[in-house]
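Shown here: work-v6.csv, CSV, C-alpha atoms and all ligand atoms.
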```
chain,number,residue,atom,x,y,z
O,240,MET,CA,28.1,-199.3,-8.8
O,241,LYS,CA,27.8,-197.4,-12.1
O,242,LYS,CA,30.7,-195.2,-13.1
O,243,ILE,CA,31.0,-191.9,-14.8
O,244,VAL,CA,34.2,-190.3,-16.1
O,245,ALA,CA,34.0,-186.5,-16.0
O,246,ILE,CA,36.7,-184.9,-18.1
O,247,PHE,CA,37.6,-181.3,-17.4
O,248,GLY,CA,39.2,-179.7,-20.4
O,249,SER,CA,39.9,-176.1,-19.5
O,250,PRO,CA,43.3,-174.8,-18.4
O,251,ARG,CA,41.4,-172.3,-16.2
O,252,ALA,CA,40.6,-173.7,-12.7
O,253,ASP,CA,37.3,-172.5,-11.2
O,254,GLY,CA,36.1,-171.1,-14.5
O,255,ASN,CA,32.8,-171.6,-16.3
O,256,SER,CA,33.2,-175.1,-17.5
O,257,ASP,CA,34.7,-176.2,-14.2
O,258,ILE,CA,31.6,-174.9,-12.3
O,259,LEU,CA,29.2,-176.5,-14.7
O,260,LEU,CA,31.0,-179.8,-14.7
O,261,ASN,CA,31.0,-179.8,-10.9
O,262,HIS,CA,27.3,-179.3,-10.9
O,263,ALA,CA,26.9,-182.2,-13.3
O,264,ILE,CA,29.1,-184.3,-11.0
O,265,GLN,CA,26.9,-183.4,-8.0
O,266,GLY,CA,23.9,-184.5,-10.0
O,267,ALA,CA,25.4,-187.9,-10.8
O,268,VAL,CA,26.6,-188.4,-7.2
O,269,SER,CA,23.1,-187.5,-5.9
O,270,ASP,CA,21.9,-190.5,-7.8
O,271,GLY,CA,24.5,-192.9,-6.3
O,272,VAL,CA,26.8,-192.9,-9.2
O,273,GLU,CA,30.6,-193.1,-8.8
O,274,VAL,CA,32.4,-190.2,-10.6
O,275,GLN,CA,36.0,-190.0,-11.5
O,276,LYS,CA,37.0,-186.4,-12.4
O,277,ILE,CA,39.9,-186.1,-14.8
O,278,VAL,CA,41.6,-182.7,-14.7
O,279,VAL,CA,43.4,-182.7,-18.1
O,280,ARG,CA,45.6,-179.6,-17.5
O,281,ASP,CA,47.3,-181.4,-14.5
O,282,LEU,CA,48.3,-184.4,-16.8
O,283,HIS,CA,51.1,-184.8,-19.2
O,284,ILE,CA,49.5,-185.9,-22.4
O,285,ALA,CA,51.5,-185.6,-25.5
O,286,PRO,CA,49.7,-185.1,-28.8
O,287,CYS,CA,49.3,-188.1,-31.1
O,288,ASN,CA,52.4,-188.3,-33.4
O,289,SER,CA,50.7,-190.6,-36.0
O,290,CYS,CA,53.4,-193.3,-35.5
O,291,GLY,CA,50.9,-196.1,-36.2
O,292,GLY,CA,52.1,-198.0,-33.1
O,293,CYS,CA,48.5,-198.5,-32.0
O,294,PHE,CA,47.7,-200.4,-35.2
O,295,GLU,CA,49.6,-203.4,-33.9
O,296,LYS,CA,47.8,-204.1,-30.6
O,297,GLY,CA,45.2,-201.3,-30.3
O,298,VAL,CA,47.4,-199.7,-27.5
O,299,CYS,CA,49.2,-196.4,-27.7
O,300,VAL,CA,52.9,-196.7,-27.4
O,301,ILE,CA,53.6,-193.2,-26.0
O,302,ARG,CA,54.4,-193.6,-22.2
O,303,ASP,CA,52.8,-190.7,-20.4
O,304,ASP,CA,49.7,-189.9,-18.2
O,305,MET,CA,47.3,-190.9,-21.0
O,306,GLN,CA,48.1,-194.5,-20.2
O,307,GLN,CA,46.2,-194.4,-16.9
O,308,LEU,CA,43.1,-193.0,-18.6
O,309,TYR,CA,42.4,-195.7,-21.2
O,310,SER,CA,41.0,-198.1,-18.7
O,311,PHE,CA,38.7,-195.4,-17.2
O,312,PHE,CA,37.0,-195.0,-20.6
O,313,VAL,CA,36.6,-198.7,-21.0
O,314,GLU,CA,35.0,-199.2,-17.6
O,315,ALA,CA,32.8,-196.1,-17.8
O,316,ASP,CA,29.0,-196.3,-18.1
O,317,GLY,CA,29.0,-192.6,-18.9
O,318,ILE,CA,31.3,-189.8,-20.0
O,319,ILE,CA,30.8,-186.1,-19.4
O,320,ILE,CA,33.2,-183.7,-21.1
O,321,ALA,CA,33.4,-180.0,-20.3
O,322,SER,CA,35.5,-177.6,-22.4
O,323,PRO,CA,35.7,-173.9,-23.3
O,324,ILE,CA,35.4,-173.0,-26.9
O,325,TYR,CA,38.8,-172.0,-28.2
O,326,PHE,CA,38.9,-170.7,-31.8
O,327,MET,CA,35.7,-172.5,-32.6
O,328,GLY,CA,37.0,-175.9,-31.2
O,329,VAL,CA,37.8,-177.5,-27.9
O,330,SER,CA,40.9,-176.6,-25.8
O,331,ALA,CA,44.3,-177.9,-27.0
O,332,GLN,CA,44.7,-179.9,-23.8
O,333,LEU,CA,41.5,-181.7,-24.4
O,334,LYS,CA,42.2,-182.2,-28.1
O,335,ALA,CA,45.4,-183.9,-27.3
O,336,LEU,CA,43.5,-186.4,-25.1
O,337,ILE,CA,41.0,-187.0,-27.8
O,338,ASP,CA,43.6,-187.6,-30.5
O,339,ARG,CA,45.3,-190.1,-28.3
O,340,CYS,CA,42.1,-192.1,-28.4
O,341,GLN,CA,43.2,-193.1,-32.0
O,342,ALA,CA,44.3,-196.2,-30.1
O,343,PHE,CA,40.5,-197.1,-29.7
O,344,TRP,CA,40.0,-196.3,-33.4
O,345,ALA,CA,42.8,-198.8,-34.3
O,346,ARG,CA,41.3,-201.4,-31.9
O,347,LYS,CA,37.9,-201.1,-33.6
O,348,TYR,CA,38.5,-200.5,-37.2
O,349,ILE,CA,41.9,-202.2,-37.8
O,350,LEU,CA,41.9,-205.0,-35.3
O,351,HIS,CA,38.1,-205.5,-35.1
O,352,LEU,CA,38.2,-205.7,-31.3
O,353,PRO,CA,35.4,-204.3,-29.1
O,354,VAL,CA,36.0,-201.2,-27.0
O,355,ARG,CA,34.2,-202.8,-24.0
O,356,GLU,CA,33.5,-206.4,-23.2
O,357,GLY,CA,30.2,-207.7,-24.5
O,358,ALA,CA,29.9,-204.7,-26.8
O,359,ARG,CA,28.6,-202.7,-23.9
O,360,THR,CA,28.0,-199.0,-24.7
O,361,ALA,CA,28.1,-195.9,-22.6
O,362,ASN,CA,26.3,-192.5,-22.6
O,363,GLY,CA,28.1,-189.2,-23.3
O,364,PHE,CA,27.3,-185.6,-22.6
O,365,PHE,CA,29.1,-182.4,-23.7
O,366,ILE,CA,29.3,-179.2,-21.8
O,367,ALA,CA,30.8,-176.2,-23.7
O,368,THR,CA,31.3,-172.5,-22.7
O,369,ALA,CA,32.1,-169.6,-24.9
O,370,ALA,CA,32.4,-165.8,-24.6
O,371,ARG,CA,30.5,-164.7,-27.7
O,372,SER,CA,27.0,-163.6,-26.9
O,373,SER,CA,25.5,-165.7,-29.6
O,374,GLY,CA,26.3,-166.7,-33.1
O,375,GLU,CA,25.8,-169.2,-35.7
O,376,GLU,CA,28.2,-172.2,-35.7
O,377,LEU,CA,29.8,-171.2,-32.4
O,378,PHE,CA,29.7,-174.8,-31.1
O,379,THR,CA,29.5,-176.7,-34.4
O,380,GLY,CA,33.2,-177.5,-34.6
O,381,ALA,CA,33.4,-178.7,-31.0
O,382,ILE,CA,30.3,-180.8,-31.3
O,383,LYS,CA,31.6,-182.6,-34.4
O,384,THR,CA,34.8,-183.4,-32.6
O,385,MET,CA,32.9,-184.6,-29.6
O,386,LYS,CA,30.6,-186.8,-31.7
O,387,ALA,CA,33.5,-188.4,-33.4
O,388,PHE,CA,35.2,-189.0,-30.0
O,389,PHE,CA,32.1,-190.6,-28.5
O,390,HIS,CA,31.5,-192.6,-31.6
O,391,VAL,CA,35.0,-194.2,-31.4
O,392,LEU,CA,34.4,-195.0,-27.7
O,393,ASP,CA,31.1,-196.7,-28.5
O,394,THR,CA,29.4,-193.9,-26.5
O,395,LYS,CA,26.1,-192.5,-27.4
O,396,TYR,CA,26.0,-188.6,-27.6
O,397,VAL,CA,22.9,-188.1,-25.5
O,398,GLY,CA,23.0,-184.4,-25.2
O,399,ASP,CA,24.8,-181.2,-24.6
O,400,LEU,CA,24.8,-177.9,-22.7
O,401,LEU,CA,26.1,-175.1,-24.9
O,402,CYS,CA,26.5,-171.9,-23.0
O,403,CYS,CA,27.5,-168.6,-24.7
O,404,GLY,CA,28.0,-165.1,-23.3
O,405,LEU,CA,30.5,-166.4,-20.7
O,406,GLU,CA,33.6,-164.3,-20.9
O,407,GLU,CA,34.8,-163.7,-17.3
O,408,LYS,CA,36.0,-166.4,-15.0
O,409,GLY,CA,33.2,-167.9,-13.0
O,410,MET,CA,30.4,-165.8,-14.3
O,411,VAL,CA,28.2,-168.8,-14.9
O,412,SER,CA,27.7,-169.1,-11.2
O,413,THR,CA,25.1,-166.3,-11.5
O,414,LYS,CA,23.1,-168.3,-14.1
O,415,ARG,CA,21.0,-170.5,-12.0
O,416,HIS,CA,19.2,-172.1,-15.0
O,417,LEU,CA,22.5,-173.3,-16.5
O,418,LEU,CA,23.7,-174.7,-13.1
O,419,GLU,CA,20.4,-176.6,-12.8
O,420,LYS,CA,20.7,-177.9,-16.4
O,421,ALA,CA,24.2,-179.2,-15.6
O,422,PHE,CA,23.0,-180.9,-12.4
O,423,ASP,CA,20.1,-182.5,-14.2
O,424,ALA,CA,22.4,-183.7,-17.0
O,425,GLY,CA,24.7,-185.5,-14.5
O,426,LYS,CA,21.7,-187.0,-12.7
O,427,GLN,CA,20.1,-188.3,-15.9
O,428,LEU,CA,23.2,-189.3,-17.9
O,429,LEU,CA,22.8,-193.0,-17.3
O,430,ILE,CA,19.1,-193.2,-17.8
O,431,TRP,CA,18.9,-191.4,-21.2
N,501,LIG,C1,42.6,-169.1,-26.4
N,501,LIG,C2,41.2,-168.7,-26.3
N,501,LIG,C3,40.4,-168.8,-27.4
N,501,LIG,C4,39.0,-168.5,-27.3
N,501,LIG,N1,38.2,-168.6,-28.4
N,501,LIG,C5,36.9,-168.3,-28.3
N,501,LIG,C6,36.1,-168.5,-29.4
N,501,LIG,O1,36.5,-168.8,-30.5
N,501,LIG,N2,34.7,-168.1,-29.3
N,501,LIG,C7,34.2,-167.7,-28.1
N,501,LIG,O2,33.0,-167.4,-28.0
N,501,LIG,N3,35.0,-167.6,-27.0
N,501,LIG,C8,36.3,-167.9,-27.0
N,501,LIG,N4,37.1,-167.8,-25.9
N,501,LIG,C9,36.5,-167.5,-24.6
N,501,LIG,C10,36.2,-168.7,-23.7
N,501,LIG,O3,35.6,-169.8,-24.5
N,501,LIG,C11,35.2,-168.4,-22.6
N,501,LIG,O4,35.8,-167.3,-21.8
N,501,LIG,C12,34.9,-169.5,-21.7
N,501,LIG,O5,33.8,-169.2,-20.9
N,501,LIG,C13,36.1,-170.0,-20.9
N,501,LIG,O6,35.7,-171.1,-20.1
N,501,LIG,P1,36.5,-171.5,-18.8
N,501,LIG,O7,36.2,-170.4,-17.8
N,501,LIG,O8,35.9,-172.8,-18.3
N,501,LIG,O9,37.9,-171.6,-19.1
N,501,LIG,C14,38.5,-168.1,-26.0
N,501,LIG,C15,39.3,-168.0,-24.9
N,501,LIG,C16,40.7,-168.3,-25.0
N,501,LIG,C17,41.6,-168.2,-23.8
```
Please, can you express the file's structure as structure tokens?
Amino acid sequence: MKKIVAIFGSPRADGNSDILLNHAIQGAVSDGVEVQKIVVRDLHIAPCNSCGGCFEKGVCVIRDDMQQLYSFFVEADGIIIASPIYFMGVSAQLKALIDRCQAFWARKYILHLPVREGARTANGFFIATAARSSGEELFTGAIKTMKAFFHVLDTKYVGDLLCCGLEEKGMVSTKRHLLEKAFDAGKQLLIW
């Protein structure tokens, strides 16, 4: 069975990115895909401390909840990440997880090891929510971070759903077209 990892990056439960991610998950499940949802705010993930420990074996030496996630990324056929925009970037909780994937960077570029057996790649999709009604560059910083993250994980950035004008908790649930887009993204992720 194909597997998707769905990473939920907001500290706010039942908020806009949570609702959109859940619709994407429903889309994937409707197509018979197994989905593992990772609720980052419930995990203890220390930020990368740039110790260089991963340069030895391509494995992070910090012992915390991040250790259980590495194998999910390796096994995944698809990755969907949802985050609110915080100061033009992703949430701090999600950024800590991303920075800890420096271990994959070390594996690839220092140790010349593949991320996945047989150089298998995955597909990646990014969902972002923001309060500002519109605005140039609102998502640019987060997209760049996400592209770098997917690149390190040998994961193709197949698309994104960038939603502005969402200030209050849960207000996206009234925006049917966005919910449908999220559902379709989950359904299509592995066939892009
Ligand atoms: C610390 C913090 C920083 C934020 N920074 C921005 C920002 O730079 N631009 C913006 O449009 N919205 C910003 N917002 C608003 C959130 O992105 C917005 O409310 C989003 O829909 C929250 O998603 P959630 O409900 O999934 O947590 C910020 C909110 C917080 C709490």
Leaving out segment 364-380 of chain O and any residue of its chain fewer than 2 positions from it, which residues lie within 6 Å of it when counting only C-alpha atoms, given as a PyMOL selection string? chain O and resi 319-324+327-328+382-383+396-406
Could you check the closest approach to Arg346 of chain O for each of O:Lys296, O:Lys276, O:Lys241, O:Lys414 and tell me which residue wins, using all atoms listed in the file?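 Of O:Lys296, O:Lys276, O:Lys241, O:Lys414, the one nearest Arg346 of chain O, counting all atoms listed in the file, is O:Lys296.
Checking O:Phe326, O:Tyr348, O:Gly425, O:Val313 one by one against Leu392 of chain O, counting all atoms listed in the file, you find the shortest gap at O:Val313.
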What does the structure give for the distance between atom CA of Val278 of chain O and atom CA of Ile246 of chain O, in Å to one decimal?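 That distance, rounded to one decimal, is 6.4 Å.
Using all atoms listed in the file, the smallest distance between any of O:Gly266, O:Gly254, O:Gly357, O:Gly248 and ligand LIG 501 (chain N) comes from O:Gly254.
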With distances taken over only C-alpha atoms, which of O:Gln306, O:Ser412, O:Asn362, O:Ser330 is nearest to Ile284 of chain O?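 Of O:Gln306, O:Ser412, O:Asn362, O:Ser330, the one nearest Ile284 of chain O is O:Gln306, counting only C-alpha atoms.
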Could all heavy atoms be built for segment 256-267 of chain O and written out as a PDB file, in the coordinates of the input?
```pdb
ATOM      1  N   SER O 256      33.460-173.666 -17.269  1.00  0.00           N
ATOM      2  CA  SER O 256      33.200-175.100 -17.500  1.00  0.00           C
ATOM      3  C   SER O 256      33.496-175.936 -16.301  1.00  0.00           C
ATOM      4  O   SER O 256      32.858-176.979 -16.104  1.00  0.00           O
ATOM      5  CB  SER O 256      34.086-175.565 -18.732  1.00  0.00           C
ATOM      6  OG  SER O 256      35.422-175.192 -18.597  1.00  0.00           O
ATOM      7  N   ASP O 257      34.403-175.471 -15.440  1.00  0.00           N
ATOM      8  CA  ASP O 257      34.700-176.200 -14.200  1.00  0.00           C
ATOM      9  C   ASP O 257      33.422-176.179 -13.294  1.00  0.00           C
ATOM     10  O   ASP O 257      33.007-177.208 -12.749  1.00  0.00           O
ATOM     11  CB  ASP O 257      35.839-175.517 -13.455  1.00  0.00           C
ATOM     12  CG  ASP O 257      36.533-176.431 -12.457  1.00  0.00           C
ATOM     13  OD1 ASP O 257      36.196-177.628 -12.410  1.00  0.00           O
ATOM     14  OD2 ASP O 257      37.417-175.945 -11.733  1.00  0.00           O
ATOM     15  N   ILE O 258      32.816-175.006 -13.172  1.00  0.00           N
ATOM     16  CA  ILE O 258      31.600-174.900 -12.300  1.00  0.00           C
ATOM     17  C   ILE O 258      30.486-175.724 -12.855  1.00  0.00           C
ATOM     18  O   ILE O 258      29.822-176.449 -12.094  1.00  0.00           O
ATOM     19  CB  ILE O 258      31.215-173.374 -12.233  1.00  0.00           C
ATOM     20  CG1 ILE O 258      32.281-172.591 -11.454  1.00  0.00           C
ATOM     21  CG2 ILE O 258      29.835-173.209 -11.601  1.00  0.00           C
ATOM     22  CD1 ILE O 258      32.171-171.084 -11.579  1.00  0.00           C
ATOM     23  N   LEU O 259      30.276-175.683 -14.173  1.00  0.00           N
ATOM     24  CA  LEU O 259      29.200-176.500 -14.700  1.00  0.00           C
ATOM     25  C   LEU O 259      29.452-177.974 -14.596  1.00  0.00           C
ATOM     26  O   LEU O 259      28.546-178.753 -14.255  1.00  0.00           O
ATOM     27  CB  LEU O 259      28.985-176.113 -16.223  1.00  0.00           C
ATOM     28  CG  LEU O 259      28.386-174.727 -16.471  1.00  0.00           C
ATOM     29  CD1 LEU O 259      28.491-174.342 -17.938  1.00  0.00           C
ATOM     30  CD2 LEU O 259      26.923-174.674 -16.016  1.00  0.00           C
ATOM     31  N   LEU O 260      30.704-178.365 -14.842  1.00  0.00           N
ATOM     32  CA  LEU O 260      31.000-179.800 -14.700  1.00  0.00           C
ATOM     33  C   LEU O 260      30.827-180.241 -13.255  1.00  0.00           C
ATOM     34  O   LEU O 260      30.299-181.329 -13.006  1.00  0.00           O
ATOM     35  CB  LEU O 260      32.464-180.065 -15.156  1.00  0.00           C
ATOM     36  CG  LEU O 260      32.882-181.541 -15.134  1.00  0.00           C
ATOM     37  CD1 LEU O 260      32.008-182.378 -16.073  1.00  0.00           C
ATOM     38  CD2 LEU O 260      34.347-181.712 -15.520  1.00  0.00           C
ATOM     39  N   ASN O 261      31.226-179.398 -12.310  1.00  0.00           N
ATOM     40  CA  ASN O 261      31.000-179.800 -10.900  1.00  0.00           C
ATOM     41  C   ASN O 261      29.569-179.941 -10.541  1.00  0.00           C
ATOM     42  O   ASN O 261      29.210-180.824  -9.754  1.00  0.00           O
ATOM     43  CB  ASN O 261      31.719-178.757  -9.981  1.00  0.00           C
ATOM     44  CG  ASN O 261      33.236-178.907 -10.013  1.00  0.00           C
ATOM     45  OD1 ASN O 261      33.751-179.966 -10.358  1.00  0.00           O
ATOM     46  ND2 ASN O 261      33.943-177.845  -9.673  1.00  0.00           N
ATOM     47  N   HIS O 262      28.710-179.134 -11.144  1.00  0.00           N
ATOM     48  CA  HIS O 262      27.300-179.300 -10.900  1.00  0.00           C
ATOM     49  C   HIS O 262      26.781-180.630 -11.520  1.00  0.00           C
ATOM     50  O   HIS O 262      25.963-181.331 -10.930  1.00  0.00           O
ATOM     51  CB  HIS O 262      26.471-178.124 -11.446  1.00  0.00           C
ATOM     52  CG  HIS O 262      26.426-176.979 -10.478  1.00  0.00           C
ATOM     53  ND1 HIS O 262      27.518-176.173 -10.225  1.00  0.00           N
ATOM     54  CD2 HIS O 262      25.441-176.534  -9.656  1.00  0.00           C
ATOM     55  CE1 HIS O 262      27.208-175.269  -9.303  1.00  0.00           C
ATOM     56  NE2 HIS O 262      25.951-175.474  -8.949  1.00  0.00           N
ATOM     57  N   ALA O 263      27.286-180.950 -12.706  1.00  0.00           N
ATOM     58  CA  ALA O 263      26.900-182.200 -13.300  1.00  0.00           C
ATOM     59  C   ALA O 263      27.383-183.398 -12.454  1.00  0.00           C
ATOM     60  O   ALA O 263      26.651-184.381 -12.260  1.00  0.00           O
ATOM     61  CB  ALA O 263      27.514-182.330 -14.724  1.00  0.00           C
ATOM     62  N   ILE O 264      28.577-183.255 -11.901  1.00  0.00           N
ATOM     63  CA  ILE O 264      29.100-184.300 -11.000  1.00  0.00           C
ATOM     64  C   ILE O 264      28.217-184.452  -9.791  1.00  0.00           C
ATOM     65  O   ILE O 264      27.869-185.573  -9.384  1.00  0.00           O
ATOM     66  CB  ILE O 264      30.571-183.993 -10.622  1.00  0.00           C
ATOM     67  CG1 ILE O 264      31.494-184.157 -11.834  1.00  0.00           C
ATOM     68  CG2 ILE O 264      31.038-184.892  -9.472  1.00  0.00           C
ATOM     69  CD1 ILE O 264      32.927-183.670 -11.620  1.00  0.00           C
ATOM     70  N   GLN O 265      27.819-183.320  -9.211  1.00  0.00           N
ATOM     71  CA  GLN O 265      26.900-183.400  -8.000  1.00  0.00           C
ATOM     72  C   GLN O 265      25.625-184.085  -8.378  1.00  0.00           C
ATOM     73  O   GLN O 265      25.087-184.863  -7.587  1.00  0.00           O
ATOM     74  CB  GLN O 265      26.624-181.972  -7.523  1.00  0.00           C
ATOM     75  CG  GLN O 265      27.762-181.348  -6.740  1.00  0.00           C
ATOM     76  CD  GLN O 265      27.557-179.846  -6.532  1.00  0.00           C
ATOM     77  OE1 GLN O 265      26.435-179.345  -6.579  1.00  0.00           O
ATOM     78  NE2 GLN O 265      28.644-179.127  -6.326  1.00  0.00           N
ATOM     79  N   GLY O 266      25.105-183.824  -9.583  1.00  0.00           N
ATOM     80  CA  GLY O 266      23.900-184.500 -10.000  1.00  0.00           C
ATOM     81  C   GLY O 266      24.043-185.984 -10.095  1.00  0.00           C
ATOM     82  O   GLY O 266      23.189-186.749  -9.631  1.00  0.00           O
ATOM     83  N   ALA O 267      25.163-186.416 -10.662  1.00  0.00           N
ATOM     84  CA  ALA O 267      25.400-187.900 -10.800  1.00  0.00           C
ATOM     85  C   ALA O 267      25.591-188.495  -9.410  1.00  0.00           C
ATOM     86  O   ALA O 267      25.017-189.560  -9.120  1.00  0.00           O
ATOM     87  CB  ALA O 267      26.673-188.083 -11.637  1.00  0.00           C
TER      88      ALA O 267
END
```
